[in-house]
$ cat target.cif   # mmCIF, C-alpha atoms
data_my_file
#
loop_
_atom_site.group_PDB
_atom_site.id
_atom_site.type_symbol
_atom_site.label_atom_id
_atom_site.label_comp_id
_atom_site.auth_asym_id
_atom_site.auth_seq_id
_atom_site.Cartn_x
_atom_site.Cartn_y
_atom_site.Cartn_z
ATOM 1 C CA MET N 1 6.206 2.866 41.564
ATOM 2 C CA GLU N 2 2.502 3.456 42.044
ATOM 3 C CA GLY N 3 1.075 5.459 39.157
ATOM 4 C CA LYS N 4 4.337 5.582 37.225
ATOM 5 C CA LYS N 5 4.339 4.669 33.567
ATOM 6 C CA ILE N 6 7.091 2.118 33.745
ATOM 7 C CA TYR N 7 7.202 -1.566 33.109
ATOM 8 C CA SER N 8 6.521 -3.440 36.290
ATOM 9 C CA GLN N 9 7.707 -6.927 37.130
ATOM 10 C CA GLY N 10 4.475 -7.294 38.974
ATOM 11 C CA GLY N 11 2.606 -8.016 35.794
ATOM 12 C CA ARG N 12 1.239 -4.622 34.816
ATOM 13 C CA GLY N 13 1.912 -3.133 31.411
ATOM 14 C CA LEU N 14 3.020 0.357 30.519
ATOM 15 C CA LYS N 15 -0.306 2.045 30.262
ATOM 16 C CA ASP N 16 -1.804 4.117 33.068
ATOM 17 C CA ARG N 17 -3.252 2.160 35.925
ATOM 18 C CA GLY N 18 -6.857 1.338 35.448
ATOM 19 C CA ALA N 19 -6.799 1.638 31.679
ATOM 20 C CA LYS N 20 -6.770 -1.429 29.494
ATOM 21 C CA GLU N 21 -3.466 -2.344 27.918
ATOM 22 C CA ALA N 22 -2.262 -0.443 24.867
ATOM 23 C CA MET N 23 -3.201 -1.979 21.540
ATOM 24 C CA ILE N 24 -0.012 -2.491 19.539
ATOM 25 C CA ARG N 25 0.596 -3.536 15.958
ATOM 26 C CA ILE N 26 3.735 -5.486 15.183
ATOM 27 C CA THR N 27 4.931 -6.181 11.656
ATOM 28 C CA ARG N 28 7.273 -8.862 10.433
ATOM 29 C CA LYS N 29 8.724 -8.912 6.936
ATOM 30 C CA VAL N 30 9.703 -11.926 4.896
ATOM 31 C CA GLU N 31 10.703 -12.402 1.276
ATOM 32 C CA PHE N 32 10.172 -15.152 -1.246
ATOM 33 C CA SER N 33 10.643 -15.598 -4.966
ATOM 34 C CA ALA N 34 8.179 -17.369 -7.200
ATOM 35 C CA ALA N 35 6.994 -17.789 -10.772
ATOM 36 C CA HIS N 36 3.501 -17.277 -12.147
ATOM 37 C CA PHE N 37 1.457 -16.303 -15.174
ATOM 38 C CA TYR N 38 -2.130 -15.228 -15.715
ATOM 39 C CA HIS N 39 -4.399 -17.377 -17.857
ATOM 40 C CA ASN N 40 -8.082 -18.098 -17.550
ATOM 41 C CA PRO N 41 -9.242 -21.103 -19.594
ATOM 42 C CA LYS N 42 -12.674 -19.452 -19.881
ATOM 43 C CA PHE N 43 -11.108 -16.842 -22.156
ATOM 44 C CA SER N 44 -9.751 -17.269 -25.666
ATOM 45 C CA ASP N 45 -6.020 -16.851 -26.207
ATOM 46 C CA GLY N 46 -6.740 -13.428 -27.657
ATOM 47 C CA GLU N 47 -8.796 -12.395 -24.629
ATOM 48 C CA ASN N 48 -6.140 -13.696 -22.243
ATOM 49 C CA ARG N 49 -3.559 -11.660 -24.111
ATOM 50 C CA ARG N 50 -5.762 -8.557 -24.129
ATOM 51 C CA ILE N 51 -6.769 -8.757 -20.449
ATOM 52 C CA PHE N 52 -3.529 -9.986 -18.919
ATOM 53 C CA GLY N 53 -0.977 -8.460 -21.308
ATOM 54 C CA LYS N 54 2.614 -9.585 -20.708
ATOM 55 C CA CYS N 55 1.485 -11.586 -17.676
ATOM 56 C CA SER N 56 -0.351 -13.998 -19.999
ATOM 57 C CA ASN N 57 2.854 -15.626 -21.288
ATOM 58 C CA THR N 58 2.136 -19.240 -20.326
ATOM 59 C CA ASN N 59 5.834 -19.969 -19.936
ATOM 60 C CA GLY N 60 5.576 -17.875 -16.781
ATOM 61 C CA HIS N 61 7.751 -15.178 -15.267
ATOM 62 C CA GLY N 62 8.834 -14.397 -11.719
ATOM 63 C CA HIS N 63 9.002 -11.868 -8.933
ATOM 64 C CA ASN N 64 10.771 -11.241 -5.669
ATOM 65 C CA TYR N 65 7.828 -10.907 -3.327
ATOM 66 C CA THR N 66 7.997 -9.090 -0.024
ATOM 67 C CA LEU N 67 5.399 -9.954 2.570
ATOM 68 C CA GLU N 68 4.659 -7.750 5.563
ATOM 69 C CA VAL N 69 2.406 -9.288 8.177
ATOM 70 C CA THR N 70 0.923 -7.147 10.928
ATOM 71 C CA ILE N 71 -0.427 -8.581 14.167
ATOM 72 C CA ALA N 72 -2.513 -6.436 16.499
ATOM 73 C CA GLY N 73 -2.936 -7.034 20.175
ATOM 74 C CA GLU N 74 -2.219 -6.019 23.705
ATOM 75 C CA PRO N 75 1.213 -6.912 25.066
ATOM 76 C CA ASP N 76 1.120 -9.757 27.553
ATOM 77 C CA PRO N 77 1.947 -8.074 30.881
ATOM 78 C CA ALA N 78 4.215 -10.956 31.841
ATOM 79 C CA THR N 79 6.361 -10.838 28.697
ATOM 80 C CA GLY N 80 5.780 -7.361 27.259
ATOM 81 C CA MET N 81 5.094 -8.994 23.901
ATOM 82 C CA VAL N 82 1.998 -9.202 21.696
ATOM 83 C CA LEU N 83 3.381 -12.329 20.118
ATOM 84 C CA ASP N 84 6.859 -13.781 20.183
ATOM 85 C CA LEU N 85 8.401 -12.585 16.915
ATOM 86 C CA LYS N 86 10.343 -15.817 16.663
ATOM 87 C CA GLU N 87 7.041 -17.660 16.698
ATOM 88 C CA LEU N 88 5.671 -15.353 13.994
ATOM 89 C CA LYS N 89 8.838 -15.885 11.958
ATOM 90 C CA ASP N 90 8.361 -19.653 12.217
ATOM 91 C CA ILE N 91 4.694 -19.383 11.188
ATOM 92 C CA LEU N 92 5.608 -17.270 8.148
ATOM 93 C CA GLN N 93 8.344 -19.705 7.200
ATOM 94 C CA ARG N 94 6.076 -22.733 7.525
ATOM 95 C CA GLU N 95 2.883 -21.326 6.040
ATOM 96 C CA VAL N 96 4.229 -19.054 3.314
ATOM 97 C CA VAL N 97 7.917 -19.431 2.508
ATOM 98 C CA ASP N 98 8.012 -23.238 2.556
ATOM 99 C CA ARG N 99 4.877 -23.272 0.370
ATOM 100 C CA MET N 100 5.748 -20.551 -2.119
ATOM 101 C CA ASP N 101 9.479 -19.787 -2.225
ATOM 102 C CA HIS N 102 11.089 -20.906 -5.471
ATOM 103 C CA LYS N 103 7.801 -22.435 -6.568
ATOM 104 C CA HIS N 104 5.520 -21.904 -9.533
ATOM 105 C CA LEU N 105 2.344 -20.432 -8.069
ATOM 106 C CA ASN N 106 0.147 -21.777 -10.886
ATOM 107 C CA TYR N 107 1.256 -25.392 -10.438
ATOM 108 C CA GLU N 108 2.773 -25.957 -7.025
ATOM 109 C CA VAL N 109 0.572 -24.206 -4.484
ATOM 110 C CA PRO N 110 -2.672 -26.158 -4.013
ATOM 111 C CA GLU N 111 -4.366 -23.224 -2.242
ATOM 112 C CA LEU N 112 -4.079 -21.224 -5.474
ATOM 113 C CA ALA N 113 -5.430 -23.978 -7.726
ATOM 114 C CA GLY N 114 -8.073 -22.609 -10.056
ATOM 115 C CA LYS N 115 -7.248 -19.009 -9.097
ATOM 116 C CA ILE N 116 -5.359 -16.449 -11.133
ATOM 117 C CA PRO N 117 -2.257 -15.830 -8.971
ATOM 118 C CA THR N 118 -2.552 -12.048 -8.963
ATOM 119 C CA CYS N 119 -1.169 -10.022 -6.099
ATOM 120 C CA GLU N 120 -4.730 -9.690 -4.751
ATOM 121 C CA ASN N 121 -5.371 -13.448 -4.841
ATOM 122 C CA VAL N 122 -1.980 -14.468 -3.443
ATOM 123 C CA ALA N 123 -2.393 -11.993 -0.576
ATOM 124 C CA THR N 124 -5.894 -13.351 0.090
ATOM 125 C CA VAL N 125 -4.611 -16.946 0.162
ATOM 126 C CA ILE N 126 -1.803 -15.910 2.543
ATOM 127 C CA TRP N 127 -4.400 -14.250 4.797
ATOM 128 C CA GLY N 128 -6.382 -17.507 4.817
ATOM 129 C CA LEU N 129 -3.279 -19.537 5.678
ATOM 130 C CA LEU N 130 -2.105 -17.254 8.485
ATOM 131 C CA GLU N 131 -5.362 -16.249 10.101
ATOM 132 C CA PRO N 132 -6.057 -19.571 11.908
ATOM 133 C CA LYS N 133 -2.419 -19.833 13.028
ATOM 134 C CA ILE N 134 -2.336 -16.518 14.870
ATOM 135 C CA ILE N 135 -3.573 -17.411 18.315
ATOM 136 C CA GLN N 136 -1.874 -14.604 20.234
ATOM 137 C CA GLY N 137 -3.017 -11.210 19.033
ATOM 138 C CA ARG N 138 -4.944 -11.152 15.786
ATOM 139 C CA LEU N 139 -4.060 -10.824 12.149
ATOM 140 C CA ASP N 140 -4.514 -7.161 11.245
ATOM 141 C CA ARG N 141 -2.964 -6.812 7.824
ATOM 142 C CA VAL N 142 -1.240 -8.814 5.129
ATOM 143 C CA ARG N 143 0.692 -6.623 2.680
ATOM 144 C CA LEU N 144 2.200 -8.396 -0.296
ATOM 145 C CA TYR N 145 4.593 -6.518 -2.580
ATOM 146 C CA GLU N 146 4.964 -8.048 -6.022
ATOM 147 C CA SER N 147 7.457 -5.306 -6.801
ATOM 148 C CA GLU N 148 8.307 -2.047 -5.074
ATOM 149 C CA ASP N 149 5.642 -0.377 -7.229
ATOM 150 C CA LEU N 150 2.758 -2.771 -6.598
ATOM 151 C CA PHE N 151 1.270 -4.260 -3.470
ATOM 152 C CA ALA N 152 -2.003 -5.742 -2.264
ATOM 153 C CA ASP N 153 -3.338 -5.339 1.264
ATOM 154 C CA CYS N 154 -5.746 -7.588 3.118
ATOM 155 C CA THR N 155 -6.962 -5.682 6.160
ATOM 156 C CA ALA N 156 -9.131 -6.798 9.067
ATOM 157 C CA GLU N 157 -12.455 -5.025 9.223
ATOM 158 C CA LYS N 158 -12.362 -2.440 11.984
ATOM 159 C CA ASN N 159 -15.308 -3.838 13.906
ATOM 160 C CA GLY N 160 -14.148 -7.407 14.188
ATOM 161 C CA SER N 161 -11.309 -9.857 14.306
ATOM 162 C CA GLY N 162 -11.338 -10.325 10.560
ATOM 163 C CA ARG N 163 -12.513 -13.871 10.926
ATOM 164 C CA MET G 1 -11.313 -8.738 5.634
ATOM 165 C CA LYS G 2 -10.933 -6.120 2.939
ATOM 166 C CA VAL G 3 -8.611 -6.311 -0.051
ATOM 167 C CA SER G 4 -6.962 -3.329 -1.706
ATOM 168 C CA LEU G 5 -4.375 -2.803 -4.393
ATOM 169 C CA THR G 6 -1.776 -0.038 -4.359
ATOM 170 C CA ARG G 7 0.251 1.067 -7.330
ATOM 171 C CA ARG G 8 3.215 3.427 -7.138
ATOM 172 C CA TYR G 9 4.229 5.950 -9.782
ATOM 173 C CA ARG G 10 6.890 8.639 -9.953
ATOM 174 C CA PHE G 11 7.315 12.056 -11.453
ATOM 175 C CA ALA G 12 9.832 14.866 -11.095
ATOM 176 C CA ALA G 13 8.679 18.471 -11.037
ATOM 177 C CA SER G 14 9.522 21.910 -9.760
ATOM 178 C CA HIS G 15 7.402 24.298 -7.752
ATOM 179 C CA ARG G 16 7.535 27.468 -5.715
ATOM 180 C CA LEU G 17 5.497 28.074 -2.585
ATOM 181 C CA HIS G 18 4.419 31.663 -2.880
ATOM 182 C CA VAL G 19 1.080 33.449 -2.461
ATOM 183 C CA THR G 20 0.743 36.718 -4.365
ATOM 184 C CA ALA G 21 -1.739 38.106 -1.835
ATOM 185 C CA LEU G 22 0.996 38.075 0.805
ATOM 186 C CA SER G 23 3.991 40.387 1.102
ATOM 187 C CA GLU G 24 7.490 39.238 0.236
ATOM 188 C CA ALA G 25 8.327 39.130 3.918
ATOM 189 C CA GLU G 26 5.223 37.121 4.778
ATOM 190 C CA ASN G 27 5.938 34.647 1.990
ATOM 191 C CA ARG G 28 9.511 34.309 3.182
ATOM 192 C CA ARG G 29 8.389 33.799 6.773
ATOM 193 C CA LEU G 30 5.673 31.308 5.837
ATOM 194 C CA TYR G 31 7.419 29.258 3.169
ATOM 195 C CA GLY G 32 11.101 29.815 3.954
ATOM 196 C CA LYS G 33 13.409 28.474 1.259
ATOM 197 C CA CYS G 34 10.426 26.957 -0.574
ATOM 198 C CA ASP G 35 9.685 30.554 -1.671
ATOM 199 C CA SER G 36 12.977 30.730 -3.578
ATOM 200 C CA PRO G 37 12.053 32.880 -6.620
ATOM 201 C CA HIS G 38 12.945 30.548 -9.476
ATOM 202 C CA GLY G 39 11.454 27.436 -7.915
ATOM 203 C CA HIS G 40 13.017 24.160 -6.872
ATOM 204 C CA GLY G 41 12.197 20.520 -7.571
ATOM 205 C CA HIS G 42 11.464 17.115 -6.123
ATOM 206 C CA ASN G 43 11.239 13.501 -7.134
ATOM 207 C CA TYR G 44 7.655 12.798 -6.227
ATOM 208 C CA ALA G 45 6.133 9.364 -5.735
ATOM 209 C CA VAL G 46 2.396 8.798 -5.998
ATOM 210 C CA GLU G 47 0.643 5.797 -4.501
ATOM 211 C CA VAL G 48 -2.938 5.184 -5.524
ATOM 212 C CA THR G 49 -4.960 2.638 -3.536
ATOM 213 C CA LEU G 50 -7.967 0.934 -5.092
ATOM 214 C CA THR G 51 -10.538 -1.175 -3.301
ATOM 215 C CA GLY G 52 -13.483 -3.205 -4.405
ATOM 216 C CA PRO G 53 -14.337 -6.821 -5.146
ATOM 217 C CA VAL G 54 -11.670 -9.033 -6.671
ATOM 218 C CA ASP G 55 -13.077 -10.094 -10.046
ATOM 219 C CA ALA G 56 -13.488 -13.883 -10.023
ATOM 220 C CA ASP G 57 -12.429 -14.291 -13.663
ATOM 221 C CA THR G 58 -9.367 -12.076 -13.619
ATOM 222 C CA GLY G 59 -8.313 -12.190 -9.952
ATOM 223 C CA MET G 60 -8.042 -8.418 -10.090
ATOM 224 C CA ILE G 61 -9.458 -5.386 -8.298
ATOM 225 C CA ALA G 62 -8.385 -3.301 -11.279
ATOM 226 C CA ASN G 63 -6.531 -4.129 -14.437
ATOM 227 C CA LEU G 64 -3.136 -2.422 -14.409
ATOM 228 C CA GLY G 65 -3.309 -2.458 -18.183
ATOM 229 C CA GLU G 66 -6.091 0.116 -17.780
ATOM 230 C CA LEU G 67 -4.929 1.868 -14.601
ATOM 231 C CA ASP G 68 -1.354 2.561 -15.743
ATOM 232 C CA PRO G 69 -2.231 4.416 -18.964
ATOM 233 C CA PHE G 70 -4.973 6.331 -17.119
ATOM 234 C CA VAL G 71 -2.578 7.542 -14.408
ATOM 235 C CA VAL G 72 0.100 8.343 -16.969
ATOM 236 C CA ARG G 73 -2.377 10.373 -19.028
ATOM 237 C CA GLU G 74 -4.040 12.172 -16.091
ATOM 238 C CA VAL G 75 -1.085 12.790 -13.792
ATOM 239 C CA ILE G 76 2.350 11.665 -14.933
ATOM 240 C CA GLU G 77 2.390 13.286 -18.372
ATOM 241 C CA PRO G 78 0.896 16.598 -17.177
ATOM 242 C CA PHE G 79 3.148 16.769 -14.074
ATOM 243 C CA ASP G 80 6.447 15.109 -14.992
ATOM 244 C CA HIS G 81 9.294 17.525 -15.752
ATOM 245 C CA MET G 82 6.954 20.483 -15.377
ATOM 246 C CA TYR G 83 6.908 23.643 -13.282
ATOM 247 C CA LEU G 84 3.717 22.954 -11.347
ATOM 248 C CA ASN G 85 2.944 26.655 -10.704
ATOM 249 C CA GLU G 86 2.727 27.441 -14.422
ATOM 250 C CA ASP G 87 2.424 24.208 -16.366
ATOM 251 C CA VAL G 88 -0.525 22.745 -14.428
ATOM 252 C CA ALA G 89 -3.502 25.088 -14.813
ATOM 253 C CA GLU G 90 -4.963 24.327 -11.363
ATOM 254 C CA PHE G 91 -1.823 25.622 -9.647
ATOM 255 C CA ARG G 92 -1.875 29.014 -11.303
ATOM 256 C CA SER G 93 -4.416 29.998 -8.627
ATOM 257 C CA VAL G 94 -3.663 27.432 -5.889
ATOM 258 C CA VAL G 95 -0.291 27.190 -4.162
ATOM 259 C CA PRO G 96 1.265 23.816 -5.098
ATOM 260 C CA THR G 97 2.049 22.553 -1.639
ATOM 261 C CA THR G 98 2.120 18.793 -1.653
ATOM 262 C CA GLU G 99 -1.141 18.871 0.323
ATOM 263 C CA ASN G 100 -2.739 20.609 -2.654
ATOM 264 C CA VAL G 101 -0.900 18.431 -5.164
ATOM 265 C CA CYS G 102 -2.237 15.372 -3.338
ATOM 266 C CA VAL G 103 -5.828 16.641 -3.499
ATOM 267 C CA GLU G 104 -5.493 17.522 -7.190
ATOM 268 C CA ILE G 105 -4.105 14.076 -7.999
ATOM 269 C CA TYR G 106 -6.911 12.434 -6.013
ATOM 270 C CA ASN G 107 -9.506 14.485 -7.906
ATOM 271 C CA ARG G 108 -8.018 13.409 -11.212
ATOM 272 C CA LEU G 109 -7.627 9.742 -10.314
ATOM 273 C CA ARG G 110 -11.008 9.222 -8.684
ATOM 274 C CA LYS G 111 -12.506 9.386 -12.177
ATOM 275 C CA PHE G 112 -10.819 6.084 -13.000
ATOM 276 C CA SER G 113 -13.692 4.111 -11.533
ATOM 277 C CA PRO G 114 -16.423 5.478 -9.258
ATOM 278 C CA GLY G 115 -15.912 4.544 -5.629
ATOM 279 C CA GLN G 116 -12.775 2.508 -6.290
ATOM 280 C CA VAL G 117 -10.069 5.026 -5.439
ATOM 281 C CA GLU G 118 -9.723 4.803 -1.684
ATOM 282 C CA ARG G 119 -6.638 6.921 -1.119
ATOM 283 C CA VAL G 120 -3.840 8.824 -2.767
ATOM 284 C CA ARG G 121 -0.496 9.204 -1.036
ATOM 285 C CA VAL G 122 2.163 11.558 -2.365
ATOM 286 C CA GLU G 123 5.775 11.513 -1.227
ATOM 287 C CA GLU G 124 7.489 14.822 -1.832
ATOM 288 C CA THR G 125 10.778 13.446 -0.538
ATOM 289 C CA SER G 126 11.644 10.286 1.323
ATOM 290 C CA LYS G 127 11.060 12.226 4.537
ATOM 291 C CA ASN G 128 7.566 13.602 4.012
ATOM 292 C CA SER G 129 4.375 12.267 2.533
ATOM 293 C CA PHE G 130 0.755 13.357 2.271
ATOM 294 C CA GLU G 131 -2.436 11.336 2.067
ATOM 295 C CA TYR G 132 -5.943 12.205 0.977
ATOM 296 C CA ASP G 133 -8.994 9.951 0.872
ATOM 297 C CA GLY G 134 -11.581 12.474 -0.223
ATOM 298 C CA THR G 135 -13.023 13.074 3.238
#
$ encode --input "target.cif" --output "structure tokens"
Amino acid sequence: MEGKKIYSQGGRGLKDRGAKEAMIRITRKVEFSAAHFYHNPKFSDGENRRIFGKCSNTNGHGHNYTLEVTIAGEPDPATGMVLDLKELKDILQREVVDRMDHKHLNYEVPELAGKIPTCENVATVIWGLLEPKIIQGRLDRVRLYESEDLFADCTAEKNGSGR
Amino acid sequence: MKVSLTRRYRFAASHRLHVTALSEAENRRLYGKCDSPHGHGHNYAVEVTLTGPVDADTGMIANLGELDPFVVREVIEPFDHMYLNEDVAEFRSVVPTTENVCVEIYNRLRKFSPGQVERVRVEETSKNSFEYDGT
């Protein structure tokens, strides 16, 4: 099998001999539903209405969010995996879904306290929650869809781990 | 870590891929059925990606209350339900391939806020899409 590009039980990955392992990105999707509204107490009611429009209704409204989380890394030669997707699924369930699904983001998610729960801010909070939990591979991108027509991305800087 | 915001819009338009400097046969060879004389149409989707600091007071990179009417005025109204070759002045002299449509949309949208528009992506159909970031 010398020199062949096939998976070897001997612990070598698919890439050519001598080269470092291929860098792979894997993405897992998860959905949750939550309520929110936009209101900044620094602004008058009129300003809140002008800046945030319909989103300023303090009774709140809701979305079906879709979260796509991308992990980058080299497959472990012994398993062929960057990260066990089941493990990633469990992390997403614990860190995001259990925290945010069927919750009111303004009142029930401590990490968002004092922040306007925009798509940008919710994605940034999710990045902060996930980043320390990803110990195999590294967090490359968090993409949060608030609807099919709007999403925010948090992306690791190219030159570093994003930490 | 960098944060960006992407907003998706849609328009429907017709076009014909045809260059008057080329012969009928060359146009037919180059553009195939896209050269069909009376034009044909697509449901286009446009994704515009904005970057920049998230404003601490609003939690926003850009206010959709400002972005949406800007995109509608600059792109959706001029393009939607139009024949791009005739109804959009820029395409009277430039063939409206979706590459060129993508560049034109980028050029229009970059005026929204200097340096904020990172990328424009145009889907001509669900099977092909085009991206331009100004480079």
$ residues_around --input "target.cif" --residues "Val48 of chain G" --least-positions-apart "4" --cutoff "8 Å" --atoms "all atoms listed in the file" --output "PyMOL selection string"
chain G and resi 6-8+117-121
$ write_last_selection --input "target.cif" --atoms "C-alpha atoms" --output "short mmCIF file (atom, residue, chain, number, x, y, z; two decimals), keeping the file's coordinate frame"
data_model
loop_
_atom_site.label_atom_id
_atom_site.label_comp_id
_atom_site.auth_asym_id
_atom_site.auth_seq_id
_atom_site.Cartn_x
_atom_site.Cartn_y
_atom_site.Cartn_z
CA THR G 6 -1.78 -0.04 -4.36
CA ARG G 7 0.25 1.07 -7.33
CA ARG G 8 3.22 3.43 -7.14
CA VAL G 117 -10.07 5.03 -5.44
CA GLU G 118 -9.72 4.80 -1.68
CA ARG G 119 -6.64 6.92 -1.12
CA VAL G 120 -3.84 8.82 -2.77
CA ARG G 121 -0.50 9.20 -1.04
#
$ interface_residues --input "target.cif" --of "chain N" --to "chain G" --cutoff "8 Å" --atoms "only C-alpha atoms" --output "PyMOL selection string"
chain N and resi 40+51-53+115-118+120-121+124+148-157+162-163
$ resolve_selection --input "target.cif" --expression "the PyMOL selection byres ((chain G and resi 19) around 12)" --output "ChimeraX atom specification"
/G:16-18,20-31,34-35,37,85,91-97
$ atom_distance --input "target.cif" --atom1 "atom CA of His39 of chain N" --atom2 "atom CA of Cys119 of chain N"
14.2 Å
$ resolve_selection --input "target.cif" --expression "the PyMOL selection byres ((chain G and resi 107) around 12)" --output "PyMOL selection string"
chain G and resi 48+71+74-75+90+100-106+108-114+117-120+132-135
$ atom_distance --input "target.cif" --atom1 "atom CA of Gln136 of chain N" --atom2 "atom CA of Val97 of chain N"
20.8 Å
$ residues_around --input "target.cif" --residues "Asp84 of chain N" --least-positions-apart "3" --cutoff "12 Å" --atoms "only C-alpha atoms" --output "ChimeraX atom specification"
/N:26-28,71,73,75-76,79-81,87-91,134-137
$ residues_around --input "target.cif" --residues "Glu124 of chain G" --least-positions-apart "6" --cutoff "8 Å" --atoms "only C-alpha atoms" --output "list in words"
His42, Asn43, Tyr44, Ala45 and Thr98 of chain G
$ closest_residue --input "target.cif" --among "N:Leu130, N:Lys29, N:His61, N:Val125" --to "Leu85 of chain N" --atoms "all atoms listed in the file"
N:Lys29
$ atom_distance --input "target.cif" --atom1 "atom CA of Ser36 of chain G" --atom2 "atom CA of Leu84 of chain G"
14.4 Å
$ residues_near_point --input "target.cif" --point "(12.7, -13.9, 1.7)" --cutoff "8 Å" --atoms "only C-alpha atoms" --output "list in words"
Val30, Glu31, Phe32, Ser33, Tyr65, Thr66, Val97 and Asp101 of chain N
$ write_last_selection --input "target.cif" --atoms "C-alpha atoms" --output "compact mmCIF listing (two decimals), keeping the file's coordinate frame"
# COMPACT_ATOMS: atom_id res chain seq x y z
CA VAL N 30 9.70 -11.93 4.90
CA GLU N 31 10.70 -12.40 1.28
CA PHE N 32 10.17 -15.15 -1.25
CA SER N 33 10.64 -15.60 -4.97
CA TYR N 65 7.83 -10.91 -3.33
CA THR N 66 8.00 -9.09 -0.02
CA VAL N 97 7.92 -19.43 2.51
CA ASP N 101 9.48 -19.79 -2.22
